[in-house]
$ cat protein.cif   # mmCIF, C-alpha atoms
data_coords
loop_
_atom_site.label_atom_id
_atom_site.label_comp_id
_atom_site.auth_asym_id
_atom_site.auth_seq_id
_atom_site.Cartn_x
_atom_site.Cartn_y
_atom_site.Cartn_z
CA MET O 1 -238.08 44.31 -132.93
CA ALA O 2 -238.24 45.40 -136.57
CA VAL O 3 -237.74 42.97 -139.43
CA ASP O 4 -234.82 45.02 -140.73
CA GLN O 5 -232.89 44.05 -137.60
CA VAL O 6 -232.75 40.38 -138.63
CA GLU O 7 -229.18 39.49 -139.50
CA ASP O 8 -229.65 35.91 -140.64
CA VAL O 9 -232.23 33.12 -140.83
CA VAL O 10 -230.96 29.69 -139.79
CA MET O 11 -233.24 26.72 -140.46
CA GLY O 12 -232.74 23.00 -140.05
CA CYS O 13 -233.93 20.66 -142.79
CA THR O 14 -233.02 17.02 -143.29
CA ASN O 15 -234.60 15.72 -146.46
CA GLN O 16 -234.49 18.96 -148.46
CA ALA O 17 -236.95 17.52 -150.96
CA GLY O 18 -239.65 19.28 -152.93
CA GLU O 19 -240.47 22.66 -151.37
CA ASP O 20 -237.67 22.19 -148.83
CA ASN O 21 -234.84 22.17 -151.38
CA ARG O 22 -232.43 24.91 -152.50
CA ASN O 23 -231.76 26.52 -149.12
CA VAL O 24 -235.24 26.58 -147.57
CA ALA O 25 -234.07 29.14 -144.99
CA ARG O 26 -233.46 31.74 -147.70
CA MET O 27 -236.65 30.84 -149.57
CA GLY O 28 -238.70 31.02 -146.38
CA SER O 29 -237.12 34.33 -145.43
CA LEU O 30 -238.09 35.92 -148.73
CA LEU O 31 -241.61 34.44 -148.69
CA ALA O 32 -242.08 35.74 -145.14
CA GLY O 33 -241.34 39.25 -146.32
CA LEU O 34 -238.01 39.77 -144.59
CA PRO O 35 -235.68 42.26 -146.29
CA VAL O 36 -233.44 40.81 -148.98
CA GLU O 37 -230.49 41.92 -146.84
CA ALA O 38 -231.37 39.24 -144.28
CA ALA O 39 -229.30 36.21 -145.20
CA GLY O 40 -230.41 32.58 -144.96
CA GLN O 41 -228.63 29.30 -144.27
CA THR O 42 -229.92 25.74 -143.97
CA VAL O 43 -228.22 23.26 -141.64
CA ASN O 44 -228.50 19.48 -141.61
CA ARG O 45 -227.76 17.39 -138.56
CA LEU O 46 -230.53 14.91 -139.33
CA CYS O 47 -233.08 14.80 -136.48
CA GLY O 48 -231.08 17.39 -134.52
CA SER O 49 -231.19 19.99 -137.29
CA GLY O 50 -233.86 22.24 -135.78
CA LEU O 51 -232.13 22.37 -132.41
CA GLN O 52 -228.74 22.79 -134.11
CA ALA O 53 -230.11 25.81 -135.97
CA ILE O 54 -231.06 27.46 -132.67
CA VAL O 55 -227.65 26.66 -131.18
CA SER O 56 -225.84 27.99 -134.27
CA ALA O 57 -227.80 31.24 -134.11
CA GLY O 58 -226.84 31.55 -130.45
CA HIS O 59 -223.19 31.01 -131.34
CA ALA O 60 -223.38 33.74 -133.97
CA ILE O 61 -224.85 36.22 -131.49
CA ALA O 62 -222.19 35.32 -128.90
CA ALA O 63 -219.50 35.87 -131.56
CA GLY O 64 -220.84 39.35 -132.29
CA GLU O 65 -222.06 38.55 -135.79
CA GLY O 66 -225.43 40.18 -135.16
CA ASP O 67 -228.07 40.83 -132.53
CA VAL O 68 -231.24 39.34 -134.05
CA PHE O 69 -231.49 35.93 -135.72
CA VAL O 70 -234.44 33.77 -136.74
CA ALA O 71 -233.89 30.06 -136.10
CA GLY O 72 -235.96 26.91 -136.33
CA GLY O 73 -236.57 23.85 -138.45
CA VAL O 74 -238.87 22.60 -141.20
CA GLU O 75 -239.65 19.25 -142.74
CA SER O 76 -242.15 18.04 -145.32
CA MET O 77 -242.33 14.35 -144.55
CA SER O 78 -244.82 13.71 -147.33
CA ARG O 79 -242.30 14.95 -149.91
CA ALA O 80 -239.77 12.25 -149.02
CA PRO O 81 -241.90 9.32 -147.81
CA TYR O 82 -239.21 6.66 -148.12
CA VAL O 83 -236.23 8.86 -147.18
CA MET O 84 -234.10 7.46 -149.98
CA LEU O 85 -231.28 8.83 -152.08
CA LYS O 86 -232.97 8.30 -155.46
CA PRO O 87 -236.55 7.20 -154.93
CA GLU O 88 -237.55 7.82 -158.56
CA ARG O 89 -235.36 4.90 -159.61
CA ASP O 90 -237.06 2.62 -157.13
CA PHE O 91 -240.61 3.75 -157.80
CA ALA O 92 -240.09 2.69 -161.43
CA ARG O 93 -239.15 -0.77 -160.19
CA GLY O 94 -242.09 -0.83 -157.84
CA SER O 95 -240.16 -1.66 -154.64
CA PRO O 96 -237.79 0.62 -152.72
CA PRO O 97 -234.49 -1.05 -151.77
CA LEU O 98 -234.07 -0.31 -148.08
CA GLU O 99 -230.29 -0.58 -148.27
CA ASP O 100 -230.14 2.63 -150.31
CA SER O 101 -231.67 4.63 -147.47
CA VAL O 102 -229.57 7.08 -145.47
CA LEU O 103 -231.62 8.09 -142.45
CA GLY O 104 -231.82 4.90 -140.49
CA TRP O 105 -234.44 2.87 -142.31
CA ARG O 106 -231.37 0.88 -143.27
CA PHE O 107 -227.87 2.29 -143.44
CA VAL O 108 -224.81 0.48 -144.78
CA ASN O 109 -221.32 1.60 -143.78
CA PRO O 110 -218.70 -0.03 -146.01
CA ALA O 111 -215.91 1.54 -143.94
CA MET O 112 -216.68 -0.67 -140.97
CA PRO O 113 -215.40 -4.26 -140.92
CA GLY O 114 -218.02 -6.27 -142.71
CA GLY O 115 -220.26 -3.20 -142.85
CA TRP O 116 -223.32 -2.85 -140.68
CA LYS O 117 -226.99 -2.62 -141.43
CA VAL O 118 -229.56 -1.41 -138.93
CA SER O 119 -233.08 -0.03 -139.27
CA LEU O 120 -234.84 2.23 -136.80
CA GLY O 121 -236.94 -0.71 -135.67
CA GLU O 122 -233.81 -2.78 -135.08
CA THR O 123 -232.25 0.15 -133.20
CA ALA O 124 -235.24 0.16 -130.86
CA GLU O 125 -234.79 -3.55 -130.22
CA ILE O 126 -231.06 -3.08 -129.50
CA VAL O 127 -231.66 -0.20 -127.08
CA ALA O 128 -234.43 -2.11 -125.29
CA GLU O 129 -232.25 -5.20 -124.88
CA ARG O 130 -229.11 -3.37 -123.75
CA HIS O 131 -230.93 -1.14 -121.28
CA GLY O 132 -233.52 -3.58 -119.99
CA VAL O 133 -236.60 -1.78 -121.27
CA SER O 134 -239.54 -4.19 -121.39
CA ARG O 135 -242.51 -4.12 -123.73
CA GLU O 136 -244.67 -3.16 -120.75
CA ASP O 137 -242.31 -0.24 -119.97
CA GLN O 138 -242.63 0.99 -123.56
CA ASP O 139 -246.41 0.64 -123.67
CA THR O 140 -246.79 2.45 -120.35
CA PHE O 141 -244.54 5.28 -121.49
CA SER O 142 -246.30 5.59 -124.85
CA LEU O 143 -249.73 5.73 -123.24
CA ASP O 144 -248.53 8.36 -120.78
CA SER O 145 -247.16 10.47 -123.62
CA HIS O 146 -250.61 10.51 -125.21
CA VAL O 147 -252.35 11.22 -121.89
CA ARG O 148 -250.03 14.16 -121.16
CA ALA O 149 -250.35 15.54 -124.69
CA ALA O 150 -254.15 15.28 -124.61
CA ALA O 151 -254.23 17.10 -121.28
CA ALA O 152 -251.92 19.82 -122.66
CA VAL O 153 -254.11 20.31 -125.73
CA GLU O 154 -257.27 20.41 -123.62
CA ALA O 155 -255.68 23.01 -121.33
CA GLY O 156 -254.57 25.12 -124.31
CA ARG O 157 -250.88 24.94 -123.39
CA PHE O 158 -249.79 24.77 -127.05
CA LYS O 159 -251.96 27.73 -128.05
CA ASP O 160 -249.16 30.29 -127.97
CA GLU O 161 -246.76 27.97 -129.82
CA ILE O 162 -248.87 27.48 -132.94
CA VAL O 163 -249.72 29.95 -135.69
CA PRO O 164 -252.47 28.78 -138.04
CA VAL O 165 -251.57 28.99 -141.72
CA GLU O 166 -253.77 28.58 -144.76
CA ILE O 167 -252.53 25.95 -147.19
CA ARG O 168 -253.56 24.98 -150.66
CA ARG O 169 -254.20 21.26 -151.05
CA ARG O 170 -252.69 19.44 -154.00
CA LYS O 171 -253.29 16.02 -155.40
CA GLY O 172 -251.31 13.28 -155.63
CA SER O 173 -222.13 20.41 -130.39
CA PRO O 174 -222.53 16.88 -131.34
CA ILE O 175 -221.90 13.59 -129.54
CA VAL O 176 -221.28 10.32 -131.38
CA VAL O 177 -222.47 6.92 -130.14
CA GLU O 178 -222.62 3.48 -131.72
CA PRO O 179 -224.84 3.81 -134.81
CA ASP O 180 -226.76 0.63 -134.04
CA CYS O 181 -227.72 2.09 -130.64
CA MET O 182 -228.13 5.69 -131.73
CA GLY O 183 -231.19 6.26 -129.53
CA ILE O 184 -228.99 6.58 -126.46
CA GLY O 185 -227.25 9.69 -127.88
CA PRO O 186 -228.94 12.12 -125.43
CA VAL O 187 -227.13 10.47 -122.52
CA PRO O 188 -223.49 11.43 -123.33
CA ALA O 189 -224.68 14.71 -124.89
CA THR O 190 -226.52 15.71 -121.71
CA ARG O 191 -223.63 14.67 -119.48
CA LYS O 192 -221.30 16.80 -121.55
CA VAL O 193 -223.48 19.92 -121.43
CA LEU O 194 -224.01 19.48 -117.68
CA GLU O 195 -220.25 19.30 -117.20
CA ARG O 196 -219.71 22.41 -119.31
CA THR O 197 -222.29 24.42 -117.39
CA GLY O 198 -221.36 23.12 -113.96
CA LEU O 199 -224.92 21.94 -113.36
CA ALA O 200 -226.27 18.65 -112.07
CA VAL O 201 -229.35 16.71 -113.18
CA ASP O 202 -231.12 17.85 -110.00
CA ASP O 203 -230.67 21.49 -111.11
CA LEU O 204 -232.88 20.94 -114.14
CA ASP O 205 -236.40 22.26 -113.65
CA LEU O 206 -237.77 20.94 -116.95
CA VAL O 207 -236.64 18.54 -119.66
CA GLU O 208 -237.77 18.05 -123.25
CA LEU O 209 -236.41 14.71 -124.47
CA ASN O 210 -237.36 13.70 -127.98
CA GLU O 211 -239.32 10.47 -127.98
CA ALA O 212 -237.85 8.87 -131.10
CA PHE O 213 -239.30 5.60 -129.79
CA ALA O 214 -240.41 4.44 -126.36
CA ALA O 215 -237.46 2.15 -125.60
CA GLN O 216 -235.01 4.96 -126.34
CA ALA O 217 -236.83 7.54 -124.21
CA VAL O 218 -237.21 5.19 -121.24
CA ALA O 219 -233.55 4.15 -121.44
CA CYS O 220 -232.33 7.77 -121.57
CA ILE O 221 -234.50 8.80 -118.61
CA ARG O 222 -233.15 5.92 -116.56
CA GLU O 223 -229.51 6.34 -117.56
CA LEU O 224 -229.53 10.08 -116.81
CA GLY O 225 -231.63 9.78 -113.68
CA LEU O 226 -234.12 12.36 -114.96
CA ASP O 227 -237.14 13.25 -112.88
CA TYR O 228 -240.02 11.89 -114.97
CA GLU O 229 -242.43 14.42 -113.45
CA LYS O 230 -240.29 17.16 -115.01
CA THR O 231 -239.73 15.40 -118.34
CA ASN O 232 -242.00 15.88 -121.36
CA VAL O 233 -244.72 17.21 -119.09
CA ASN O 234 -246.96 17.98 -122.08
CA GLY O 235 -246.33 14.69 -123.87
CA GLY O 236 -243.77 14.06 -126.57
CA ALA O 237 -243.18 12.89 -130.12
CA ILE O 238 -244.95 9.56 -129.58
CA ALA O 239 -248.16 11.56 -129.20
CA LEU O 240 -247.33 14.76 -131.09
CA GLY O 241 -245.18 13.46 -133.96
CA HIS O 242 -241.53 13.74 -135.00
CA PRO O 243 -241.11 15.69 -138.25
CA LEU O 244 -237.31 15.34 -138.19
CA SER O 245 -235.72 18.79 -138.51
CA CYS O 246 -238.78 20.59 -137.18
CA THR O 247 -238.73 18.58 -133.96
CA GLY O 248 -235.76 20.27 -132.28
CA ALA O 249 -237.35 23.68 -132.82
CA ARG O 250 -240.69 22.36 -131.52
CA LEU O 251 -239.02 20.91 -128.43
CA MET O 252 -237.26 24.17 -127.61
CA THR O 253 -240.41 26.21 -128.21
CA THR O 254 -242.44 23.97 -125.91
CA LEU O 255 -239.65 24.04 -123.32
CA VAL O 256 -239.33 27.83 -123.07
CA HIS O 257 -243.10 28.34 -122.98
CA GLU O 258 -243.48 25.83 -120.14
CA MET O 259 -240.51 27.37 -118.33
CA GLY O 260 -242.28 30.72 -118.49
CA ARG O 261 -245.51 29.24 -117.11
CA ARG O 262 -243.66 27.61 -114.22
CA ARG O 263 -241.09 30.37 -113.78
CA ALA O 264 -238.44 27.65 -114.05
CA ARG O 265 -234.78 28.59 -114.17
CA TYR O 266 -233.03 25.78 -116.08
CA GLY O 267 -234.38 23.68 -118.91
CA LEU O 268 -232.78 20.88 -120.93
CA CYS O 269 -233.62 20.13 -124.57
CA THR O 270 -232.05 16.94 -125.91
CA MET O 271 -232.53 14.39 -128.66
CA CYS O 272 -230.92 11.45 -130.41
CA ILE O 273 -229.78 11.76 -134.01
CA GLY O 274 -229.70 9.12 -136.72
CA VAL O 275 -226.44 7.29 -137.47
CA GLY O 276 -225.09 7.66 -133.95
CA GLN O 277 -225.21 11.23 -132.66
CA GLY O 278 -226.85 13.14 -129.83
CA ILE O 279 -227.46 16.81 -129.09
CA ALA O 280 -228.31 18.64 -125.85
CA THR O 281 -228.85 22.29 -124.96
CA ILE O 282 -229.50 23.91 -121.58
CA VAL O 283 -231.34 27.23 -121.46
CA GLU O 284 -231.66 29.58 -118.48
CA ARG O 285 -234.64 31.87 -118.03
CA GLU O 286 -233.77 35.43 -117.08
CA ARG O 287 -235.18 36.33 -113.70
#
$ encode --input "protein.cif" --output "structure tokens"
Amino acid sequence: MAVDQVEDVVMGCTNQAGEDNRNVARMGSLLAGLPVEAAGQTVNRLCGSGLQAIVSAGHAIAAGEGDVFVAGGVESMSRAPYVMLKPERDFARGSPPLEDSVLGWRFVNPAMPGGWKVSLGETAEIVAERHGVSREDQDTFSLDSHVRAAAAVEAGRFKDEIVPVEIRRRKGSPIVVEPDCMGIGPVPATRKVLERTGLAVDDLDLVELNEAFAAQAVACIRELGLDYEKTNVNGGAIALGHPLSCTGARLMTTLVHEMGRRRARYGLCTMCIGVGQGIATIVERER
């Protein structure tokens, strides 16, 4: 493939702060040396942005809008440490008001009767209580995520997924669920994509489920009846990190590489999304 074949660059980005602002897909395309004729668009579906970018590129190809697209996700977490609308106002005061946050640290919806306020930590507590996930369940799952990830690193399974880059150091199709239980979003999203494809859970050879937090991951695995031995086989976000919009792209990259190693046919990539959404995508490896 030649770079002049690239029709468009689709990148997910949630915070769009600092280097990520002003259409990072277009900026990244130009910095990467792609021709100026290659367009660039940035999509935002919060934590699902990276996966949404891949899905959107697939839709464009299916619609005949081009043959070659670049898709993925980026996030500079250090550039938006409090994930707030106007952090400069709060830094001057010395204390960030959590109620001004928009990505789940604390979200207020005046349209709902009485409004609602829920942080990510409170979401975890709600999911754990509703789905009977104990502290021991969460600790066991979290430890296993680290054990699997360490084994994958030791075996070099991520080697082909990572390109080293030199940096200069500086100082200084969506499903909606109840926002206060947003971690369960992968469940209805996965059921919907299974129905659309005519597949069953048992047909899935591999699953990458984003580990937003242990209670959420355990609850989703149980509710969907996923085979844990086929789920997050190389560890997950609890061990590897969750840089928001980058995560969906990382999940899909890990999924397709592992599918190739195992010669698997069907793989599921799914994740919850802040403020009550879920996203799921099934990929099939060509035989």
$ closest_residue --input "protein.cif" --among "O:Val177, O:Phe158, O:Ala249, O:Ala150" --to "Gly235 in chain O" --atoms "only C-alpha atoms"
O:Ala150
$ residues_around --input "protein.cif" --residues "range 222-233 of chain O" --least-positions-apart "2" --cutoff "7 Å" --atoms "only C-alpha atoms" --output "list in words"
Arg148, Val187, Val201, Asp205, Leu206, Val207, Glu208, Leu209, Val218, Ala219, Cys220, Gly235 and Gly236 of chain O
$ write_last_selection --input "protein.cif" --atoms "C-alpha atoms" --output "short mmCIF file (atom, residue, chain, number, x, y, z; two decimals), keeping the file's coordinate frame"
data_model
loop_
_atom_site.label_atom_id
_atom_site.label_comp_id
_atom_site.auth_asym_id
_atom_site.auth_seq_id
_atom_site.Cartn_x
_atom_site.Cartn_y
_atom_site.Cartn_z
CA ARG O 148 -250.03 14.16 -121.16
CA VAL O 187 -227.13 10.47 -122.52
CA VAL O 201 -229.35 16.71 -113.18
CA ASP O 205 -236.40 22.26 -113.65
CA LEU O 206 -237.77 20.94 -116.95
CA VAL O 207 -236.64 18.54 -119.66
CA GLU O 208 -237.77 18.05 -123.25
CA LEU O 209 -236.41 14.71 -124.47
CA VAL O 218 -237.21 5.19 -121.24
CA ALA O 219 -233.55 4.15 -121.44
CA CYS O 220 -232.33 7.77 -121.57
CA GLY O 235 -246.33 14.69 -123.87
CA GLY O 236 -243.77 14.06 -126.57
#
$ closest_residue --input "protein.cif" --among "O:Val193, O:Val153, O:Leu251, O:Ala39" --to "Ala280 in chain O" --atoms "only C-alpha atoms"
O:Val193
$ resolve_selection --input "protein.cif" --expression "the PyMOL selection byres ((chain O and resi 38) around 12)" --output "tab-separated table (two decimals) with C-alpha atoms, in the frame of the given file"
chain	number	residue	atom	x	y	z
O	3	VAL	CA	-237.74	42.97	-139.43
O	4	ASP	CA	-234.82	45.02	-140.73
O	5	GLN	CA	-232.89	44.05	-137.60
O	6	VAL	CA	-232.75	40.38	-138.63
O	7	GLU	CA	-229.18	39.49	-139.50
O	8	ASP	CA	-229.65	35.91	-140.64
O	9	VAL	CA	-232.23	33.12	-140.83
O	10	VAL	CA	-230.96	29.69	-139.79
O	25	ALA	CA	-234.07	29.14	-144.99
O	26	ARG	CA	-233.46	31.74	-147.70
O	27	MET	CA	-236.65	30.84	-149.57
O	28	GLY	CA	-238.70	31.02	-146.38
O	29	SER	CA	-237.12	34.33	-145.43
O	30	LEU	CA	-238.09	35.92	-148.73
O	32	ALA	CA	-242.08	35.74	-145.14
O	33	GLY	CA	-241.34	39.25	-146.32
O	34	LEU	CA	-238.01	39.77	-144.59
O	35	PRO	CA	-235.68	42.26	-146.29
O	36	VAL	CA	-233.44	40.81	-148.98
O	37	GLU	CA	-230.49	41.92	-146.84
O	39	ALA	CA	-229.30	36.21	-145.20
O	40	GLY	CA	-230.41	32.58	-144.96
O	41	GLN	CA	-228.63	29.30	-144.27
O	66	GLY	CA	-225.43	40.18	-135.16
O	68	VAL	CA	-231.24	39.34	-134.05
O	69	PHE	CA	-231.49	35.93	-135.72
O	70	VAL	CA	-234.44	33.77	-136.74
$ closest_atom_pairs --input "protein.cif" --of "range 30-61 of chain O" --to "range 264-277 of chain O" --cutoff "8 Å" --atoms "all atoms listed in the file" --output "tab-separated table"
residue	atom	partner	partner_atom	distance
O:Arg45	CA	O:Ile273	CA	7.5
O:Leu46	CA	O:Ile273	CA	6.2
O:Cys47	CA	O:Ile273	CA	5.1
O:Gly48	CA	O:Ile273	CA	5.8
$ atom_distance --input "protein.cif" --atom1 "CA of Thr190 in chain O" --atom2 "CA of Gly248 in chain O"
14.8 Å
$ resolve_selection --input "protein.cif" --expression "the PyMOL selection byres ((chain O and resi 133-146) around 9)" --output "VMD selection string"
chain O and resid 127 to 132 147 to 151 211 213 to 219 232 to 240
$ write_last_selection --input "protein.cif" --atoms "C-alpha atoms" --output "PDB file, in the frame of the given file"
ATOM      1  CA  VAL O 127    -231.660  -0.200-127.080  1.00  0.00           C
ATOM      2  CA  ALA O 128    -234.430  -2.110-125.290  1.00  0.00           C
ATOM      3  CA  GLU O 129    -232.250  -5.200-124.880  1.00  0.00           C
ATOM      4  CA  ARG O 130    -229.110  -3.370-123.750  1.00  0.00           C
ATOM      5  CA  HIS O 131    -230.930  -1.140-121.280  1.00  0.00           C
ATOM      6  CA  GLY O 132    -233.520  -3.580-119.990  1.00  0.00           C
ATOM      7  CA  VAL O 147    -252.350  11.220-121.890  1.00  0.00           C
ATOM      8  CA  ARG O 148    -250.030  14.160-121.160  1.00  0.00           C
ATOM      9  CA  ALA O 149    -250.350  15.540-124.690  1.00  0.00           C
ATOM     10  CA  ALA O 150    -254.150  15.280-124.610  1.00  0.00           C
ATOM     11  CA  ALA O 151    -254.230  17.100-121.280  1.00  0.00           C
ATOM     12  CA  GLU O 211    -239.320  10.470-127.980  1.00  0.00           C
ATOM     13  CA  PHE O 213    -239.300   5.600-129.790  1.00  0.00           C
ATOM     14  CA  ALA O 214    -240.410   4.440-126.360  1.00  0.00           C
ATOM     15  CA  ALA O 215    -237.460   2.150-125.600  1.00  0.00           C
ATOM     16  CA  GLN O 216    -235.010   4.960-126.340  1.00  0.00           C
ATOM     17  CA  ALA O 217    -236.830   7.540-124.210  1.00  0.00           C
ATOM     18  CA  VAL O 218    -237.210   5.190-121.240  1.00  0.00           C
ATOM     19  CA  ALA O 219    -233.550   4.150-121.440  1.00  0.00           C
ATOM     20  CA  ASN O 232    -242.000  15.880-121.360  1.00  0.00           C
ATOM     21  CA  VAL O 233    -244.720  17.210-119.090  1.00  0.00           C
ATOM     22  CA  ASN O 234    -246.960  17.980-122.080  1.00  0.00           C
ATOM     23  CA  GLY O 235    -246.330  14.690-123.870  1.00  0.00           C
ATOM     24  CA  GLY O 236    -243.770  14.060-126.570  1.00  0.00           C
ATOM     25  CA  ALA O 237    -243.180  12.890-130.120  1.00  0.00           C
ATOM     26  CA  ILE O 238    -244.950   9.560-129.580  1.00  0.00           C
ATOM     27  CA  ALA O 239    -248.160  11.560-129.200  1.00  0.00           C
ATOM     28  CA  LEU O 240    -247.330  14.760-131.090  1.00  0.00           C
TER      29      LEU O 240
END
$ atom_distance --input "protein.cif" --atom1 "CA of Leu31 in chain O" --atom2 "CA of Ala71 in chain O"
15.4 Å
$ atom_distance --input "protein.cif" --atom1 "CA of Gly18 in chain O" --atom2 "CA of Ser76 in chain O"
8.1 Å
$ resolve_selection --input "protein.cif" --expression "the PyMOL selection byres ((chain O and resi 161-164) around 8)" --output "ChimeraX atom specification"
/O:158-160,165-166,253-254,257
$ write_last_selection --input "protein.cif" --atoms "C-alpha atoms" --output "mmCIF file, in the coordinates of the input"
data_model
loop_
_atom_site.group_PDB
_atom_site.id
_atom_site.type_symbol
_atom_site.label_atom_id
_atom_site.label_comp_id
_atom_site.auth_asym_id
_atom_site.auth_seq_id
_atom_site.Cartn_x
_atom_site.Cartn_y
_atom_site.Cartn_z
ATOM 1 C CA PHE O 158 -249.790 24.770 -127.050
ATOM 2 C CA LYS O 159 -251.960 27.730 -128.050
ATOM 3 C CA ASP O 160 -249.160 30.290 -127.970
ATOM 4 C CA VAL O 165 -251.570 28.990 -141.720
ATOM 5 C CA GLU O 166 -253.770 28.580 -144.760
ATOM 6 C CA THR O 253 -240.410 26.210 -128.210
ATOM 7 C CA THR O 254 -242.440 23.970 -125.910
ATOM 8 C CA HIS O 257 -243.100 28.340 -122.980
#
$ closest_residue --input "protein.cif" --among "O:Gly278, O:Gly58, O:Gly156, O:Gly73" --to "Val24 in chain O" --atoms "all atoms listed in the file"
O:Gly73
$ closest_residue --input "protein.cif" --among "O:Thr247, O:Gly72, O:Ala53, O:Thr281" --to "Leu194 in chain O" --atoms "all atoms listed in the file"
O:Thr281
$ residues_near_point --input "protein.cif" --point "(-238.4, 18.3, -139.5)" --cutoff "6 Å" --atoms "only C-alpha atoms" --output "ChimeraX atom specification"
/O:73-75,243-247
$ write_last_selection --input "protein.cif" --atoms "C-alpha atoms" --output "compact mmCIF listing (two decimals), keeping the file's coordinate frame"
# COMPACT_ATOMS: atom_id res chain seq x y z
CA GLY O 73 -236.57 23.85 -138.45
CA VAL O 74 -238.87 22.60 -141.20
CA GLU O 75 -239.65 19.25 -142.74
CA PRO O 243 -241.11 15.69 -138.25
CA LEU O 244 -237.31 15.34 -138.19
CA SER O 245 -235.72 18.79 -138.51
CA CYS O 246 -238.78 20.59 -137.18
CA THR O 247 -238.73 18.58 -133.96
$ closest_residue --input "protein.cif" --among "O:Ala124, O:Ile54, O:His242, O:Asn23" --to "Ile282 in chain O" --atoms "only C-alpha atoms"
O:Ile54
